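File shown: my_file17.txt. Contents: compact mmCIF, C-alpha atoms.
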# COMPACT_ATOMS: atom_id res chain seq x y z
CA MET A 874 115.42 87.45 116.58
CA ALA A 875 117.82 88.34 119.40
CA GLY A 876 121.20 89.57 118.22
CA ARG A 877 120.08 90.40 114.71
CA ILE A 878 121.00 93.84 113.55
CA VAL A 879 117.85 94.56 111.64
CA VAL A 880 114.42 93.08 111.33
CA ASN A 881 113.48 94.42 107.91
CA LEU A 882 114.62 96.58 105.01
CA GLY A 883 112.92 99.65 106.43
CA GLU A 884 114.97 99.47 109.58
CA LEU A 885 118.15 98.88 107.60
CA GLU A 886 117.40 101.94 105.46
CA ARG A 887 116.95 103.92 108.61
CA ALA A 888 120.21 102.63 110.18
CA ILE A 889 122.15 103.47 107.02
CA MET A 890 120.65 106.95 106.78
CA ASP A 891 121.53 107.60 110.42
CA VAL A 892 125.19 106.72 109.75
CA ILE A 893 125.24 108.90 106.61
CA TRP A 894 123.59 111.84 108.36
CA ASP A 895 126.00 111.62 111.29
CA SER A 896 129.07 111.42 109.08
CA ALA A 897 130.91 114.62 108.22
CA THR A 898 132.22 113.21 104.92
CA PRO A 899 130.75 111.09 102.09
CA LEU A 900 131.05 107.37 102.79
CA ALA A 901 131.79 104.27 100.71
CA ALA A 902 129.56 101.20 101.04
CA ALA A 903 132.38 99.35 102.82
CA ASP A 904 132.71 102.12 105.44
CA LEU A 905 128.98 101.98 106.04
CA ARG A 906 129.00 98.23 106.45
CA GLU A 907 131.89 98.44 108.89
CA SER A 908 130.24 101.04 111.02
CA LEU A 909 126.89 99.21 111.04
CA ASN A 910 128.55 95.92 112.00
CA ALA A 911 130.57 97.68 114.70
CA SER A 912 127.50 99.25 116.29
CA ALA A 913 125.75 95.88 116.48
CA SER A 914 128.09 94.11 118.89
CA GLN A 915 126.89 90.55 118.24
CA GLY A 916 124.87 88.61 115.70
CA LYS A 917 124.93 88.14 111.97
CA GLU A 918 127.19 90.44 109.98
CA LEU A 919 125.72 92.46 107.12
CA ALA A 920 126.82 91.45 103.64
CA ILE A 921 128.26 94.19 101.44
CA THR A 922 125.70 93.33 98.75
CA THR A 923 122.86 94.00 101.19
CA VAL A 924 124.30 97.42 102.00
CA MET A 925 124.68 98.22 98.28
CA THR A 926 121.08 97.15 97.59
CA VAL A 927 119.72 99.37 100.33
CA LEU A 928 121.90 102.27 99.13
CA SER A 929 120.45 101.92 95.61
CA ARG A 930 116.96 102.00 97.05
CA LEU A 931 117.77 105.11 99.06
CA GLU A 932 119.29 106.72 95.98
CA ALA A 933 116.17 105.92 93.94
CA LYS A 934 114.02 107.51 96.64
CA GLY A 935 116.16 110.62 96.51
CA PHE A 936 117.52 110.39 100.06
CA VAL A 937 121.18 109.77 99.17
CA VAL A 938 123.37 111.06 96.36
CA ARG A 939 126.04 108.82 94.85
CA ASP A 940 129.36 110.22 93.65
CA ARG A 941 130.10 107.97 90.69
CA GLY A 942 133.36 109.76 89.90
CA ALA A 943 135.06 108.34 92.98
CA ARG A 944 136.49 104.81 93.31
CA PRO A 945 134.80 103.27 95.22
CA HIS A 946 131.53 105.22 94.82
CA LEU A 947 130.86 107.60 97.69
CA TYR A 948 127.44 108.28 99.22
CA ARG A 949 126.19 111.39 101.00
CA ALA A 950 122.79 112.59 102.21
CA ALA A 951 120.73 114.60 99.71
CA MET A 952 119.38 116.76 102.55
CA SER A 953 120.18 117.05 106.23
CA ARG A 954 117.96 115.29 108.75
CA GLU A 955 116.69 118.68 109.95
CA ASP A 956 115.74 119.72 106.42
CA HIS A 957 113.76 116.52 105.94
CA VAL A 958 111.93 117.07 109.24
CA ALA A 959 111.18 120.62 108.13
CA GLU A 960 109.82 119.27 104.83
CA LEU A 961 107.55 116.84 106.67
CA MET A 962 106.30 119.48 109.08
CA HIS A 963 105.66 121.87 106.23
CA GLU A 964 103.39 119.25 104.68
CA VAL A 965 101.50 118.94 107.96
CA LEU A 966 101.39 122.57 109.03
CA GLY A 967 101.16 124.11 105.56
CA SER A 968 98.06 125.21 103.72
CA ALA A 969 95.20 122.75 103.46
CA SER A 970 95.34 122.35 99.70
CA ASP A 971 98.64 120.46 99.59
CA ARG A 972 97.80 118.18 102.48
CA ASP A 973 95.41 115.67 100.99
CA ALA A 974 97.36 112.64 102.10
CA VAL A 975 97.70 113.64 105.72
CA LEU A 976 94.67 113.95 107.93
CA ALA A 977 94.23 117.39 109.44
CA ARG A 978 96.50 117.99 112.37
CA PHE A 979 94.99 117.91 115.83
CA VAL A 980 94.23 121.66 116.14
CA GLY A 981 94.84 124.67 113.95
CA GLN A 982 95.61 128.22 115.01
CA VAL A 983 93.20 130.26 117.10
CA SER A 984 92.37 133.94 117.32
CA ALA A 985 93.37 136.05 120.33
CA ARG A 986 89.73 136.21 121.46
CA ASP A 987 89.44 132.44 121.50
CA ALA A 988 92.80 132.11 123.22
CA GLU A 989 91.44 133.93 126.27
CA ARG A 990 88.52 131.51 126.46
CA LEU A 991 90.89 128.57 126.17
CA ARG A 992 93.05 129.88 129.02
CA ARG A 993 90.00 130.12 131.24
CA LEU A 994 89.07 126.57 130.37
CA LEU A 995 92.51 125.30 131.42
CA GLU A 996 92.35 127.18 134.72
CA ALA A 997 88.98 125.66 135.57
CA MET B 744 61.96 115.54 78.59
CA PHE B 745 62.42 119.29 78.43
CA ALA B 746 60.61 119.77 81.76
CA VAL B 747 62.85 117.15 83.39
CA ALA B 748 65.94 118.91 82.04
CA ALA B 749 64.69 122.26 83.36
CA VAL B 750 63.90 120.90 86.83
CA LEU B 751 67.31 119.18 87.03
CA ALA B 752 69.04 122.38 85.90
CA ALA B 753 67.22 124.35 88.61
CA LEU B 754 68.24 121.73 91.18
CA ALA B 755 71.84 121.83 89.98
CA LEU B 756 71.88 125.60 90.29
CA ALA B 757 70.37 125.52 93.79
CA LEU B 758 72.84 122.90 94.96
CA ALA B 759 75.77 124.72 93.40
CA TRP B 760 75.05 128.07 94.99
CA PRO B 761 72.47 128.99 97.66
CA VAL B 762 72.17 125.65 99.43
CA PRO B 763 75.87 125.15 100.28
CA VAL B 764 76.25 128.82 101.21
CA VAL B 765 73.35 128.64 103.68
CA LEU B 766 74.38 125.24 105.06
CA ALA B 767 77.99 126.36 105.55
CA LYS B 768 76.78 129.31 107.64
CA ALA B 769 74.32 127.29 109.74
CA ARG B 770 75.28 126.32 113.28
CA TRP B 771 73.06 123.27 113.69
CA PRO B 772 75.32 120.91 111.67
CA ARG B 773 77.85 121.16 114.54
CA ARG B 774 75.28 119.64 116.87
CA MET B 775 74.72 116.64 114.63
CA PRO B 776 77.94 116.13 112.64
CA GLY B 777 77.10 112.61 111.49
CA SER B 778 73.79 113.55 109.85
CA ALA B 779 75.27 116.80 108.51
CA LEU B 780 78.07 114.83 106.87
CA VAL B 781 75.50 112.58 105.18
CA LEU B 782 73.69 115.70 103.97
CA TRP B 783 76.88 117.21 102.48
CA GLN B 784 77.58 113.97 100.66
CA ALA B 785 74.03 113.90 99.33
CA ILE B 786 74.36 117.52 98.14
CA ALA B 787 77.60 116.78 96.33
CA LEU B 788 76.22 113.62 94.76
CA ALA B 789 72.87 115.18 93.79
CA GLY B 790 74.66 118.30 92.54
CA GLY B 791 76.87 116.30 90.19
CA LEU B 792 73.99 114.07 89.14
CA SER B 793 71.65 116.96 88.31
CA MET B 794 74.37 118.97 86.52
CA ILE B 795 75.24 116.09 84.22
CA GLY B 796 71.67 114.82 84.10
CA SER B 797 70.13 118.11 82.94
CA LEU B 798 72.62 118.44 80.09
CA LEU B 799 72.12 114.81 79.09
CA VAL B 800 68.33 114.93 79.17
CA PHE B 801 68.22 118.21 77.23
CA GLY B 802 70.62 116.85 74.63
CA LEU B 803 68.62 113.66 74.18
CA THR B 804 65.19 115.35 73.89
CA PRO B 805 64.81 114.72 70.12
CA PHE B 806 65.56 111.00 70.38
CA ALA B 807 62.69 109.68 72.54
CA GLY B 808 60.20 110.58 75.27
CA ASP B 809 62.25 109.30 78.24
CA LEU B 810 65.91 108.93 79.05
CA PRO B 811 66.39 105.14 78.81
CA HIS B 812 64.71 104.99 75.38
CA ALA B 813 66.39 108.18 74.20
CA ALA B 814 69.80 106.79 75.15
CA GLU B 815 69.01 103.64 73.19
CA ALA B 816 67.84 105.60 70.14
CA PHE B 817 70.87 107.87 70.36
CA ALA B 818 73.24 104.89 70.45
CA SER B 819 71.72 103.36 67.31
CA ASP B 820 71.72 106.76 65.54
CA VAL B 821 75.38 107.22 66.39
CA LEU B 822 76.12 103.80 64.90
CA THR B 823 74.29 104.62 61.68
CA GLY B 824 75.73 108.13 61.64
CA ARG B 825 72.54 110.19 61.30
CA LEU B 826 70.53 112.54 63.51
CA PRO B 827 66.73 112.91 63.94
CA ALA B 828 65.30 115.76 61.84
CA ASP B 829 64.41 117.94 64.85
CA ALA B 830 67.80 117.69 66.60
CA ASN B 831 69.36 121.13 66.87
CA PHE B 832 72.78 122.57 67.53
CA PHE B 833 72.10 123.38 71.20
CA GLN B 834 71.17 119.81 71.98
CA MET B 835 74.36 118.48 70.39
CA PHE B 836 76.27 121.11 72.35
CA ALA B 837 74.63 119.85 75.58
CA LEU B 838 75.57 116.26 74.76
CA ALA B 839 79.19 117.24 74.22
CA GLY B 840 79.01 119.16 77.51
CA THR B 841 77.75 116.04 79.29
CA VAL B 842 80.74 114.06 78.14
CA LEU B 843 83.21 116.85 78.97
CA LEU B 844 81.78 117.57 82.42
CA GLY B 845 81.52 113.89 83.33
CA GLY B 846 85.06 113.29 82.15
CA HIS B 847 86.32 116.36 83.97
CA LEU B 848 84.79 115.28 87.29
CA LEU B 849 86.01 111.72 86.94
CA LEU B 850 89.53 112.72 85.90
CA ASN B 851 89.79 115.11 88.83
CA LEU B 852 88.78 112.38 91.23
CA VAL B 853 91.37 110.00 89.82
CA ARG B 854 94.06 112.69 89.73
CA THR B 855 93.42 113.87 93.30
CA ALA B 856 93.34 110.34 94.66
CA TRP B 857 96.53 109.44 92.81
CA ARG B 858 98.32 112.56 93.99
CA ALA B 859 97.23 111.97 97.58
CA GLU B 860 98.48 108.39 97.42
CA ARG B 861 101.85 109.44 95.99
CA GLN B 862 102.16 112.11 98.67
CA ARG B 863 101.20 109.60 101.35
CA ARG B 864 103.88 107.16 100.24
CA HIS B 865 106.54 109.84 100.21
CA HIS B 866 105.44 111.04 103.63
CA ALA B 867 105.47 107.49 104.98
CA ALA B 868 108.97 106.86 103.60
CA LEU B 869 110.26 110.02 105.28
CA LEU B 870 108.51 109.11 108.53
CA ARG B 871 110.21 105.71 108.61
CA LEU B 872 113.57 107.44 108.43
CA LEU B 873 112.86 110.37 110.73
CA SER B 874 110.53 109.22 113.49
CA ASP B 875 110.76 106.64 116.26
CA PRO B 876 108.06 104.17 117.25
CA VAL B 877 106.64 104.54 120.75
CA PRO B 878 106.92 101.06 122.31
CA GLU B 879 104.05 101.51 124.76
CA ARG B 880 101.69 102.88 122.10
CA PRO B 881 101.52 100.63 119.04
CA GLY B 882 100.92 102.44 115.75
CA THR B 883 102.34 105.66 117.16
CA ARG B 884 105.59 107.43 116.25
CA VAL B 885 107.38 110.44 117.61
CA ILE B 886 109.12 113.02 115.45
CA ASP B 887 111.75 115.33 116.89
CA HIS B 888 110.18 118.72 116.29
CA ALA B 889 109.45 121.49 118.79
CA THR B 890 106.02 122.56 117.45
CA PRO B 891 103.29 120.69 119.34
CA VAL B 892 101.51 118.78 116.61
CA ALA B 893 99.66 115.51 116.16
CA TYR B 894 98.31 114.06 112.96
CA CYS B 895 97.49 110.80 111.34
CA LEU B 896 98.86 109.28 108.18
CA PRO B 897 96.30 106.78 106.89
CA GLY B 898 97.00 103.73 104.80
CA ALA B 899 98.78 100.51 104.16
CA PRO B 900 99.87 98.37 105.83
CA ARG B 901 98.54 100.31 108.79
CA ALA B 902 97.85 103.90 109.70
CA VAL B 903 100.31 105.69 111.91
CA THR B 904 99.64 108.43 114.44
CA VAL B 905 102.47 110.94 114.60
CA LEU B 906 103.18 113.00 117.71
CA SER B 907 105.86 115.67 117.86
CA ALA B 908 108.36 115.96 120.69
CA GLY B 909 106.86 119.36 121.43
CA LEU B 910 103.47 117.74 121.97
CA LEU B 911 104.92 115.17 124.41
CA ASP B 912 106.37 118.07 126.42
CA LEU B 913 103.12 120.01 126.39
CA LEU B 914 100.54 117.39 127.35
CA SER B 915 100.02 115.06 130.27
CA GLU B 916 99.87 111.31 129.75
CA ASP B 917 96.04 111.30 129.86
CA GLU B 918 95.77 114.21 127.45
CA LEU B 919 98.11 112.44 125.03
CA ALA B 920 95.92 109.35 125.19
CA ALA B 921 92.97 111.58 124.27
CA VAL B 922 94.83 113.00 121.26
CA VAL B 923 95.74 109.51 120.07
CA ALA B 924 92.14 108.34 120.45
CA HIS B 925 90.97 111.31 118.36
CA GLU B 926 93.49 110.62 115.59
CA ARG B 927 92.66 106.89 115.60
CA ALA B 928 88.99 107.77 115.15
CA HIS B 929 89.81 109.62 111.91
CA VAL B 930 91.34 106.46 110.53
CA SER B 931 88.76 103.98 111.74
CA GLN B 932 85.98 106.14 110.27
CA HIS B 933 87.87 106.52 106.95
CA HIS B 934 87.76 110.29 107.02
CA HIS B 935 90.68 110.51 104.60
CA VAL B 936 88.55 108.95 101.86
CA LEU B 937 85.87 111.60 102.36
CA LEU B 938 88.39 114.41 102.44
CA VAL B 939 90.04 113.24 99.22
CA ALA B 940 86.63 113.01 97.51
CA PHE B 941 85.63 116.53 98.58
CA SER B 942 89.08 117.80 97.71
CA ALA B 943 88.66 116.38 94.19
CA TRP B 944 85.26 118.05 93.99
CA ARG B 945 86.87 121.35 94.99
CA SER B 946 89.67 121.10 92.46
CA ALA B 947 87.16 120.19 89.72
CA LEU B 948 84.81 123.14 90.40
CA PRO B 949 86.90 125.75 92.23
CA TRP B 950 84.53 128.60 91.39
CA PHE B 951 81.40 126.99 92.89
CA PRO B 952 80.45 127.39 96.55
CA ILE B 953 79.23 123.79 96.46
CA ALA B 954 82.80 122.55 96.24
CA THR B 955 84.77 125.03 98.34
CA ARG B 956 82.24 125.38 101.17
CA ALA B 957 81.65 121.65 101.27
CA HIS B 958 85.34 120.86 101.68
CA GLU B 959 85.68 123.32 104.56
CA ALA B 960 82.49 122.23 106.31
CA VAL B 961 83.37 118.56 105.97
CA GLY B 962 86.80 119.32 107.49
CA LEU B 963 85.17 120.56 110.69
CA LEU B 964 82.51 117.84 110.77
CA VAL B 965 85.09 115.03 110.69
CA GLU B 966 86.91 116.70 113.59
CA LEU B 967 83.69 116.72 115.61
CA LEU B 968 82.99 113.10 114.69
CA ALA B 969 86.50 112.06 115.73
CA ASP B 970 85.94 113.83 119.07
CA ASP B 971 82.67 111.97 119.54
CA GLN B 972 84.36 108.66 118.85
CA ALA B 973 87.31 109.51 121.12
CA ARG B 974 85.18 110.41 124.11
CA ARG B 975 83.75 106.96 124.24
CA THR B 976 87.15 105.82 125.55
CA VAL B 977 88.77 108.95 127.01
CA SER B 978 87.37 111.65 129.26
CA GLU B 979 85.92 114.80 127.72
CA ARG B 980 87.97 116.83 130.17
CA ASN B 981 91.28 115.43 128.96
CA LEU B 982 90.31 115.79 125.32
CA SER B 983 89.15 119.39 125.70
CA ARG B 984 92.22 120.31 127.74
CA ALA B 985 94.40 118.80 125.01
CA VAL B 986 92.57 120.82 122.33
CA ALA B 987 92.95 124.01 124.39
CA ARG B 988 96.64 123.47 125.13
CA VAL B 989 97.56 122.68 121.53
CA ALA B 990 95.49 125.60 120.21
CA LEU B 991 97.12 128.03 122.66
CA ALA B 992 100.58 126.78 121.75
CA ALA B 993 99.76 127.18 118.05
CA ALA B 994 98.50 130.72 118.71
CA ALA B 995 101.70 131.64 120.53
CA ASP B 996 103.71 130.06 117.72
CA GLY B 997 101.72 131.83 115.02
CA ASP B 998 102.18 135.26 116.62
CA ARG B 999 105.93 135.07 116.54
CA PRO B 1000 106.91 134.97 112.87
CA ALA B 1001 103.92 136.90 111.55
CA GLY B 1002 104.36 139.92 113.80
CA GLY B 1003 100.84 141.03 113.00
CA ALA B 1004 97.42 139.69 112.21
CA VAL B 1005 97.42 140.85 108.58
CA PRO B 1006 97.32 137.81 106.29
CA PRO B 1007 99.54 137.97 103.21
CA ALA B 1008 97.85 139.19 100.06
CA GLY B 1009 96.35 136.38 98.06
CA ALA B 1010 96.04 134.10 101.06
CA PRO B 1011 92.72 132.24 101.03
CA ALA B 1012 90.28 134.32 103.01
CA GLY B 1013 89.35 133.03 106.42
CA VAL B 1014 91.92 130.28 106.75
CA GLN B 1015 93.16 131.39 110.16
CA PRO B 1016 89.82 132.36 111.70
CA ARG B 1017 88.42 129.14 110.35
CA SER B 1018 90.83 126.82 112.13
CA GLY B 1019 90.43 128.91 115.27
CA GLU B 1020 86.72 128.54 114.96
CA TRP B 1021 87.25 124.80 114.65
CA ALA B 1022 88.93 124.60 118.05
CA ASP B 1023 86.10 126.69 119.45
CA ALA B 1024 83.38 124.51 117.92
CA ARG B 1025 85.07 121.38 119.22
CA LEU B 1026 85.36 122.76 122.73
CA ALA B 1027 81.75 123.93 122.77
CA ARG B 1028 80.74 120.38 121.93
CA LEU B 1029 83.12 118.76 124.41
CA THR B 1030 82.29 121.02 127.33
CA GLY B 1031 78.57 120.40 126.86
CA GLU B 1032 77.63 123.91 125.76
CA ALA B 1033 76.09 122.56 122.58
CA THR B 1034 72.65 121.16 123.24
CA PRO B 1035 71.60 117.92 121.54
CA VAL B 1036 69.16 118.14 118.65
CA ALA B 1037 65.63 116.79 118.59
CA PRO B 1038 65.33 113.36 116.95
CA ALA B 1039 62.64 114.73 114.62
CA PHE B 1040 65.08 117.33 113.27
CA ARG B 1041 67.73 114.69 112.71
CA LEU B 1042 65.23 112.51 110.84
CA THR B 1043 64.20 115.48 108.68
CA VAL B 1044 67.81 116.13 107.72
CA LEU B 1045 68.36 112.48 106.82
CA ALA B 1046 65.11 112.40 104.84
CA CYS B 1047 66.21 115.50 102.90
CA ALA B 1048 69.55 113.86 102.19
CA SER B 1049 67.97 110.72 100.77
CA ALA B 1050 65.40 112.71 98.79
CA LEU B 1051 68.24 114.72 97.24
CA VAL B 1052 69.74 111.56 95.81
CA VAL B 1053 66.58 109.57 95.08
CA VAL B 1054 64.50 112.26 93.33
CA PRO B 1055 67.01 113.17 90.56
CA THR B 1056 67.74 109.46 90.05
CA LEU B 1057 64.04 108.71 89.58
CA MET B 1058 63.66 111.68 87.25
CA LEU B 1059 66.48 110.35 85.11
CA LEU B 1060 65.48 106.71 85.09
CA GLY B 1061 61.71 106.67 85.52
CA PRO B 1062 60.00 106.46 82.09
CA ALA B 1063 56.80 107.65 83.82
CA VAL B 1064 58.32 111.06 84.41
CA ARG B 1065 57.91 113.16 81.32
What do you get writing this file as structure tokens?
Amino acid sequence: MAGRIVVNLGELERAIMDVIWDSATPLAAADLRESLNASASQGKELAITTVMTVLSRLEAKGFVVRDRGARPHLYRAAMSREDHVAELMHEVLGSASDRDAVLARFVGQVSARDAERLRRLLEA
Amino acid sequence: MFAVAAVLAALALALAWPVPVVLAKARWPRRMPGSALVLWQAIALAGGLSMIGSLLVFGLTPFAGDLPHAAEAFASDVLTGRLPADANFFQMFALAGTVLLGGHLLLNLVRTAWRAERQRRHHAALLRLLSDPVPERPGTRVIDHATPVAYCLPGAPRAVTVLSAGLLDLLSEDELAAVVAHERAHVSQHHHVLLVAFSAWRSALPWFPIATRAHEAVGLLVELLADDQARRTVSERNLSRAVARVALAAAADGDRPAGGAVPPAGAPAGVQPRSGEWADARLARLTGEATPVAPAFRLTVLACASALVVVPTLMLLGPAVR
């Protein structure tokens, strides 16, 4: 496995999203491929078709938006990385009713009265 | 048949209202979360069974003297398209109600489970893009967010425990291990399945204490059970310190944007005190303030739970019961 850029599709999706999120402008598939191949100094080069396939998957999942008016097509992130993190955290920290899929977070909020008790416990 | 329907209706009413209200207020379930969880499941199951059963038995009264024969007679009457002479409007209304209620409960279960699965997939897809695996802790990922938070996303191919960067800053290595053990326990004991089932129950019957109280109570009980499982491998001290630290950080965080303790209008009553109470209940258990229960009491609770399920089933199926 040494020298290979990616192990699976999931990691490739992630690598592509990282490049798109870090880029100030929309990118073409060829730009993406170039920058991915440049960051992996050795090993097998990514084929352009692989990059296009992963981009379609990301578009279908709603993570990237494709500008079909441009030649070649340009890709940009649907939301910033920070916005996605905020969305995830909202699902976890939000009200219980919309959190069926995620198991309750480790601890919820406490009242001021309980907080005093907790402080004493930590000092013990 | 009519007596059976009346007894089942009374049972359904008791299980829908006073029983869950009293049980949700009681303190003893926190001292025996495993048995209490069994009891809540029995109440939900027996509640649904007696609700549907009483309507069904009442509706089928004109067809035969006991449920199995009445169902048979009803099926053949439906096929021939005629009703017994003494069948009245109320009984046909009850039969329609049986079908509607049964369908409603089943559809809600399917819908809630499907929605949870869709949400889980979406969450997992986002996590793959936004979080990093922790090499020294398999099955664990870190997300770059300042709020100290830990949670578990169950499911295929394997569950993942998510820790925030804020949590890594807040806790010591041993306390983190305790948090991970607690979250793992949720998954290994399949708590998500229970929570989805009770959540479906709540969305099907939002106006009944049986459903809302049960969901809340079960939420706390699975936390206590996960603590019990975790402290087999990690020290109680580290686990309780982790709970206290995270709760205090959440309290400090919660004070900031709210600016006051007044919950917004329309917010579900008791959400904040409840989760605070959860931390408190967990700590009482971890620091040994909660005394263990007598085995006889535990046995009584388990006996009640099995009676709740067995008795209505026998009333429905046993031809001897008239």
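Closest approach to chain B among A:Arg986, A:Arg906, A:Arg978, A:Arg944: A:Arg978, based on all atoms listed in the file.
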**Asked** What are the residues of chain A that have an atom within 10 Å of an atom of chain B, counting all atoms listed in the file, as number ranges by chain?
**Response** A: 883-891, 934, 936, 954-955, 957-962, 964-966, 968-996
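Rounded to one decimal, atom CA of B:His847 and atom CA of B:Leu798 lie 14.4 Å from each other.
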**Request:** Would you mind listing what lies within 12 Å of B:Gly808 as a PyMOL selection string, with all atoms listed in the file counted and same-chain residues fewer than 3 positions away left out?
**Result:** chain B and resi 744-747+800-801+803-805+811-816+1059-1065
**Prompt:** What is the distance, in Å and to one decimal place, between atom CA of B:Val1036 and atom CA of B:Glu979?
**Reply:** 19.3 Å
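Interatomic distance, atom CA of B:Pro952 to atom CA of B:Leu1042: 25.6 Å.
Contact shell of B:Trp760 at 10 Å (all atoms listed in the file; same-chain neighbours under 3 positions omitted): Ala755, Leu756, Ala757, Pro763, Val764, Val765, Phe951, Pro952, Ile953, Ala954 and Arg956 of chain B.
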Please dump the current selection as an mmCIF file, keeping the file's coordinate frame; keep C-alpha atoms.
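Okay, this is what ended up in again_9.cif:
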data_model
loop_
_atom_site.group_PDB
_atom_site.id
_atom_site.type_symbol
_atom_site.label_atom_id
_atom_site.label_comp_id
_atom_site.auth_asym_id
_atom_site.auth_seq_id
_atom_site.Cartn_x
_atom_site.Cartn_y
_atom_site.Cartn_z
ATOM 1 C CA ALA B 755 71.840 121.830 89.980
ATOM 2 C CA LEU B 756 71.880 125.600 90.290
ATOM 3 C CA ALA B 757 70.370 125.520 93.790
ATOM 4 C CA PRO B 763 75.870 125.150 100.280
ATOM 5 C CA VAL B 764 76.250 128.820 101.210
ATOM 6 C CA VAL B 765 73.350 128.640 103.680
ATOM 7 C CA PHE B 951 81.400 126.990 92.890
ATOM 8 C CA PRO B 952 80.450 127.390 96.550
ATOM 9 C CA ILE B 953 79.230 123.790 96.460
ATOM 10 C CA ALA B 954 82.800 122.550 96.240
ATOM 11 C CA ARG B 956 82.240 125.380 101.170
#
